[in-house]
Structure formats: C-alpha cells, structure tokens
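Structure file target09.cif (mmCIF, C-alpha atoms) follows.
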```
data_final
#
loop_
_atom_site.label_atom_id
_atom_site.label_comp_id
_atom_site.auth_asym_id
_atom_site.auth_seq_id
_atom_site.Cartn_x
_atom_site.Cartn_y
_atom_site.Cartn_z
CA MET A 1 21.74 -23.19 1.01
CA LYS A 2 23.31 -21.29 3.84
CA PRO A 3 21.20 -18.60 5.46
CA ASN A 4 22.53 -15.10 4.95
CA PRO A 5 24.26 -13.73 8.04
CA PRO A 6 22.72 -10.57 9.47
CA ARG A 7 24.20 -7.36 8.18
CA PRO A 8 25.97 -5.64 11.05
CA ARG A 9 25.76 -2.24 9.33
CA ARG A 10 21.95 -2.25 9.47
CA GLN A 11 21.94 -3.24 13.12
CA VAL A 12 24.37 -0.43 13.93
CA THR A 13 22.32 2.03 11.86
CA THR A 14 19.13 1.00 13.66
CA VAL A 15 20.77 1.48 17.06
CA LEU A 16 22.23 4.86 16.02
CA SER A 17 18.88 6.09 14.69
CA ALA A 18 17.09 5.04 17.88
CA LEU A 19 19.76 6.74 19.97
CA GLY A 20 19.63 9.88 17.80
CA GLY A 21 15.84 9.99 17.97
CA GLY A 22 15.93 9.56 21.74
CA LEU A 23 18.48 12.37 22.13
CA LEU A 24 16.46 14.63 19.84
CA GLY A 25 13.33 13.97 21.89
CA PHE A 26 15.21 14.48 25.16
CA PHE A 27 16.66 17.85 24.12
CA ALA A 28 13.43 19.06 22.49
CA THR A 29 11.41 18.16 25.59
CA GLY A 30 13.99 19.75 27.85
CA ALA A 31 13.98 22.94 25.81
CA LEU A 32 10.18 23.16 25.90
CA PHE A 33 9.87 22.57 29.64
CA SER A 34 12.85 24.73 30.61
CA SER A 35 11.28 27.61 28.71
CA GLY A 36 8.35 27.55 31.13
CA ALA A 37 5.91 26.20 28.57
CA PRO A 38 2.67 24.97 30.15
CA LEU A 39 2.27 21.21 30.18
CA TRP A 40 -1.22 21.40 28.62
CA ALA A 41 0.16 23.31 25.58
CA VAL A 42 2.88 20.71 25.03
CA GLY A 43 0.29 17.93 25.46
CA LEU A 44 -2.06 19.59 23.00
CA GLY A 45 0.78 20.00 20.51
CA LEU A 46 1.69 16.33 20.85
CA GLY A 47 -1.93 15.17 20.73
CA LEU A 48 -2.75 17.24 17.65
CA GLY A 49 0.67 17.16 16.05
CA TRP A 50 1.14 13.43 15.84
CA PRO A 51 -2.03 12.53 13.85
CA VAL A 52 -1.92 15.72 11.76
CA GLN A 53 1.73 15.10 10.85
CA ILE A 54 0.94 11.49 9.91
CA LEU A 55 -1.96 12.68 7.74
CA ILE A 56 0.20 15.30 5.99
CA HIS A 57 2.98 12.74 5.49
CA GLU A 58 0.65 10.15 3.96
CA LEU A 59 -1.13 12.74 1.80
CA GLY A 60 2.33 13.70 0.52
CA HIS A 61 2.81 10.11 -0.64
CA VAL A 62 -0.60 10.16 -2.30
CA TRP A 63 -0.09 13.50 -4.03
CA PHE A 64 3.39 12.68 -5.33
CA GLY A 65 2.26 9.19 -6.39
CA ARG A 66 -0.75 10.52 -8.27
CA GLN A 67 1.57 12.95 -10.06
CA ARG A 68 3.30 9.86 -11.49
CA GLY A 69 0.12 8.00 -12.46
CA LEU A 70 -0.23 5.76 -9.41
CA GLN A 71 -3.78 5.10 -8.21
CA LEU A 72 -4.78 5.28 -4.55
CA ARG A 73 -6.29 2.05 -3.23
CA LEU A 74 -6.17 2.60 0.54
CA LEU A 75 -5.13 5.37 2.92
CA GLY A 76 -4.66 4.55 6.59
CA ILE A 77 -4.19 6.97 9.46
CA GLY A 78 -4.04 5.26 12.84
CA PRO A 79 -6.97 2.84 13.14
CA ALA A 80 -8.95 4.52 10.31
CA VAL A 81 -8.72 3.36 6.70
CA TRP A 82 -10.19 5.19 3.71
CA SER A 83 -10.95 3.59 0.37
CA PRO A 84 -11.57 5.81 -2.66
CA HIS A 85 -13.71 3.09 -4.27
CA SER A 86 -16.23 2.89 -1.44
CA ARG A 87 -15.66 6.57 -0.53
CA ARG A 88 -15.91 5.84 3.16
CA TRP A 89 -13.79 5.44 6.26
CA ARG A 90 -13.72 2.16 8.16
CA ARG A 91 -12.00 0.98 11.30
CA SER A 92 -8.98 -1.25 10.91
CA ARG A 93 -8.46 -4.17 13.24
CA ILE A 94 -4.72 -3.50 13.20
CA PRO A 95 -3.96 0.15 13.88
CA ALA A 96 -0.92 1.50 12.10
CA LEU A 97 0.81 4.84 12.23
CA GLY A 98 -0.10 5.48 8.63
CA PHE A 99 0.13 4.03 5.16
CA ALA A 100 -0.78 4.88 1.59
CA TYR A 101 -1.33 1.95 -0.74
CA LEU A 102 -1.01 3.01 -4.38
CA MET A 103 -1.08 0.81 -7.47
CA PRO A 104 0.68 1.46 -10.78
CA PRO A 105 -0.98 1.31 -14.19
CA PRO A 106 -0.41 -1.99 -16.02
CA GLY A 107 2.41 -2.54 -18.47
CA LEU A 108 5.26 -0.61 -16.84
CA THR A 109 8.86 -1.69 -17.07
CA PRO A 110 10.54 -2.47 -13.74
CA ASP A 111 12.74 0.65 -14.06
CA ASP A 112 9.75 2.91 -14.72
CA LEU A 113 7.84 1.31 -11.87
CA ALA A 114 10.76 1.85 -9.47
CA ARG A 115 11.14 5.47 -10.63
CA ARG A 116 7.45 6.16 -10.00
CA TYR A 117 7.53 4.58 -6.55
CA ARG A 118 10.71 6.46 -5.59
CA HIS A 119 8.92 9.70 -6.49
CA MET A 120 5.92 8.64 -4.35
CA ILE A 121 8.14 7.70 -1.41
CA LEU A 122 9.86 11.09 -1.52
CA GLY A 123 6.50 12.86 -1.14
CA GLY A 124 5.78 11.77 2.44
CA PRO A 125 8.88 13.06 4.23
CA LEU A 126 9.12 16.11 1.96
CA MET A 127 5.54 17.27 2.62
CA GLY A 128 5.89 16.48 6.32
CA LEU A 129 9.08 18.52 6.61
CA LEU A 130 7.53 21.41 4.67
CA PHE A 131 4.53 21.35 7.02
CA SER A 132 6.90 21.33 10.00
CA ALA A 133 8.74 24.34 8.58
CA ALA A 134 5.41 26.15 8.14
CA CYS A 135 4.47 25.35 11.76
CA ALA A 136 7.87 26.63 12.94
CA ALA A 137 7.41 29.86 10.97
CA LEU A 138 3.96 30.35 12.49
CA ALA A 139 5.33 29.50 15.95
CA SER A 140 8.03 32.15 15.68
CA ALA A 141 5.38 34.74 14.78
CA ALA A 142 2.88 33.55 17.43
CA GLN A 143 2.93 34.52 21.07
CA GLY A 144 2.29 32.67 24.31
CA ASP A 145 0.77 29.22 24.45
CA ALA A 146 -0.06 29.14 20.72
CA SER A 147 3.65 29.39 20.04
CA THR A 148 4.31 26.39 22.31
CA VAL A 149 1.65 24.29 20.57
CA LEU A 150 3.00 25.16 17.12
CA TRP A 151 6.64 24.55 18.12
CA THR A 152 5.60 21.15 19.49
CA VAL A 153 3.75 20.25 16.27
CA ALA A 154 6.81 21.34 14.26
CA GLY A 155 9.12 19.27 16.48
CA VAL A 156 6.91 16.18 16.20
CA GLY A 157 6.95 16.50 12.41
CA LEU A 158 10.68 17.04 12.25
CA PHE A 159 11.32 14.00 14.43
CA MET A 160 8.80 11.77 12.66
CA ASN A 161 9.81 12.65 9.10
CA LEU A 162 13.55 12.46 9.74
CA ILE A 163 13.15 9.03 11.36
CA SER A 164 10.96 7.95 8.43
CA ALA A 165 13.62 9.06 5.94
CA LEU A 166 16.39 6.97 7.52
CA PRO A 167 17.33 3.87 5.49
CA VAL A 168 16.99 1.47 8.44
CA THR A 169 14.98 -1.66 9.01
CA GLY A 170 13.71 -3.24 12.15
CA PRO A 171 11.30 -5.95 13.19
CA GLY A 172 8.19 -5.38 11.06
CA LEU A 173 9.28 -1.88 10.12
CA LEU A 174 10.22 -0.63 6.67
CA PRO A 175 10.31 3.18 6.72
CA ASP A 176 10.47 5.37 3.64
CA GLY A 177 14.27 5.57 3.61
CA ALA A 178 14.59 1.77 3.48
CA ARG A 179 11.96 1.56 0.73
CA TRP A 180 13.79 4.26 -1.24
CA GLN A 181 17.06 2.37 -0.84
CA ARG A 182 15.51 -0.87 -2.10
CA LEU A 183 14.18 0.89 -5.22
CA ARG A 184 17.34 2.75 -6.20
CA PRO A 185 18.90 1.94 -9.59
CA GLY A 186 21.04 -1.16 -9.50
CA SER A 187 19.43 -2.67 -6.38
CA ALA A 188 17.68 -6.02 -6.38
#
```
For this file, produce the structure as structure tokens.
Amino acid sequence: MKPNPPRPRRQVTTVLSALGGGLLGFFATGALFSSGAPLWAVGLGLGLGWPVQILIHELGHVWFGRQRGLQLRLLGIGPAVWSPHSRRWRRSRIPALGFAYLMPPPGLTPDDLARRYRHMILGGPLMGLLFSAACAALASAAQGDASTVLWTVAGVGLFMNLISALPVTGPGLLPDGARWQRLRPGSA
C-alpha cells in the first residue's frame, strides 16, 4: 500500500493557528504593558491563570461527560493526577497541560458513543470561556492591580480555550477541536 500523503490543509491550519495565537499574545501583552500595568500583577495573573484555567477546562469536560453517563477514571492537571477510585492525587512522571479520561458504560452503539464524547469535548472549552468571561466582568468592575490580574487570567483563558477549540493537529497534539472533528457524524 502507498502511504497517505500529508494533508496540506492541516499543515496550513496549524501554521495559521500558531501565527494567530502568537499575534493574540503579542497584542494582549502589549496592551497590558502599555497600560502601565505592574509586571508583578501580570506575572501573578499568568502564574495563577494558567493552572486555574486548565483546571476549569478539564472540570468542564468531566461535568459535561458525567451528564452523559461517562465515568471519570483519571483527571490530570500539570504533573498531578487524581483517580476517583483511590481518591488521592499522585505525581505523574510525564507532566501534561491537562487531561480528563472518562469511560463510557458498556453496550453503547458507535453513534451514541460518539454523541456522548462530543458532548464531553464541548464542555472543556465552553466552561473555560465562561470562566474567562466571568473574570473579564470582574476585571471591569475591579480597580488597580486586581483588575490587571483578572484581565490577565481572562486573557489566558481566552487564548487557551480558543486554541484548544481549533480543529488542528500537530506532533503529539490532539486538541479538543480535532477530537470533535474526528467524532462528527459521517467521519471515520
């Protein structure tokens, strides 16, 4: 058999998403620093925002998946992994940004299984974007350095969840958008 040639559309999409993410980060950082925001407030927003946004995103997958009858097996945030069976956190040898491993009940048809997983996949970016919107609303009401921290957390979440929702693939990376695309009706 001949190997399948690489799909140029995916390569172009990956390059465009990386370029778009870089431009978004460049303009967001420029806007924060040109506003006279203190560096420590931006750093605190990045340091707190990144893990909190990952946690909210992954909990969104868990919550939406459990609404469809999927059972949580593992939840990973950075180098920490939680198992509901042992009810404890452990350190992972391979740190990841985040993952939620959910299993379906037995006896589902492939279409029902795909429908349940599509619902679960939607939960991560949706909950992350809602949390970002809440942080932005709080930031607009807050004053001073608290506003900067909250705007930074909101920006991190917006960036992270929009990138996660893109249907692109890369080396070792399969974000939510690509998973959603693989599970859509009529796909292999």
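For Ala114 in chain A, the residues within 9 Å (counting all atoms listed in the file, excluding itself and residues fewer than 6 positions away along the chain) are Leu183, Arg184 and Pro185 of chain A.
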### Task
Grab the CA of Gly60 in chain A to CA of Cys135 in chain A distance for me, in Å with one decimal place.
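Those two atoms sit 16.3 Å apart.
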### Task
Give me the residues within 8 Å of Trp63 in chain A as JSON, numbers by chain, counting all atoms listed in the file and dropping any in the same chain fewer than 4 places off.
{"A": [59, 67, 120, 123]}
Taking all atoms of range 49-52 of chain A that the file lists, what box with edges along x, y and z, padded by 5 Å per side, do you get, with centre and edge lengths in Å to one decimal, as JSON?
```
{"center_x": -0.4, "center_y": 14.8, "center_z": 13.9, "size_x": 13.2, "size_y": 14.6, "size_z": 14.3}
```
### Query
What does the PyMOL selection byres ((chain A and resi 52) around 10) select in this file, as an NGL selection string?
:A and (46-51 or 53-58 or 77 or 128 or 131 or 153 or 156-157)
#### Entry: Distance in Å - CA of Ser92 in chain A versus CA of Arg179 in chain A
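We find that CA of Ser92 in chain A and CA of Arg179 in chain A lie 23.5 Å from each other.
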Could you write range 105-121 of chain A as a tab-separated table (two decimals), in the coordinates of the input, with N, CA and C atoms rebuilt where they are missing?
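Output file out.tsv is given in full below:
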```
chain	number	residue	atom	x	y	z
A	105	PRO	N	-0.23	1.76	-13.02
A	105	PRO	CA	-0.98	1.31	-14.19
A	105	PRO	C	-0.30	0.06	-14.76
A	106	PRO	N	-1.03	-0.77	-15.47
A	106	PRO	CA	-0.41	-1.99	-16.02
A	106	PRO	C	0.57	-1.67	-17.15
A	107	GLY	N	1.51	-2.61	-17.33
A	107	GLY	CA	2.41	-2.54	-18.47
A	107	GLY	C	3.66	-1.71	-18.28
A	108	LEU	N	4.05	-1.40	-17.06
A	108	LEU	CA	5.26	-0.61	-16.84
A	108	LEU	C	6.48	-1.51	-16.79
A	109	THR	N	7.60	-0.97	-17.22
A	109	THR	CA	8.86	-1.69	-17.07
A	109	THR	C	9.28	-1.60	-15.60
A	110	PRO	N	10.10	-2.54	-15.13
A	110	PRO	CA	10.54	-2.47	-13.74
A	110	PRO	C	11.26	-1.15	-13.40
A	111	ASP	N	12.05	-0.62	-14.33
A	111	ASP	CA	12.74	0.65	-14.06
A	111	ASP	C	11.76	1.80	-13.93
A	112	ASP	N	10.75	1.85	-14.80
A	112	ASP	CA	9.75	2.91	-14.72
A	112	ASP	C	8.92	2.78	-13.44
A	113	LEU	N	8.59	1.55	-13.10
A	113	LEU	CA	7.84	1.31	-11.87
A	113	LEU	C	8.64	1.77	-10.65
A	114	ALA	N	9.91	1.43	-10.59
A	114	ALA	CA	10.76	1.85	-9.47
A	114	ALA	C	10.89	3.37	-9.43
A	115	ARG	N	11.03	4.01	-10.57
A	115	ARG	CA	11.14	5.47	-10.63
A	115	ARG	C	9.86	6.13	-10.09
A	116	ARG	N	8.71	5.60	-10.48
A	116	ARG	CA	7.45	6.16	-10.00
A	116	ARG	C	7.28	5.99	-8.50
A	117	TYR	N	7.65	4.81	-7.99
A	117	TYR	CA	7.53	4.58	-6.55
A	117	TYR	C	8.55	5.40	-5.76
A	118	ARG	N	9.74	5.60	-6.29
A	118	ARG	CA	10.71	6.46	-5.59
A	118	ARG	C	10.16	7.88	-5.47
A	119	HIS	N	9.53	8.36	-6.53
A	119	HIS	CA	8.92	9.70	-6.49
A	119	HIS	C	7.82	9.74	-5.40
A	120	MET	N	6.99	8.70	-5.35
A	120	MET	CA	5.92	8.64	-4.35
A	120	MET	C	6.50	8.60	-2.94
A	121	ILE	N	7.54	7.83	-2.75
A	121	ILE	CA	8.14	7.70	-1.41
A	121	ILE	C	8.70	9.04	-0.95
```
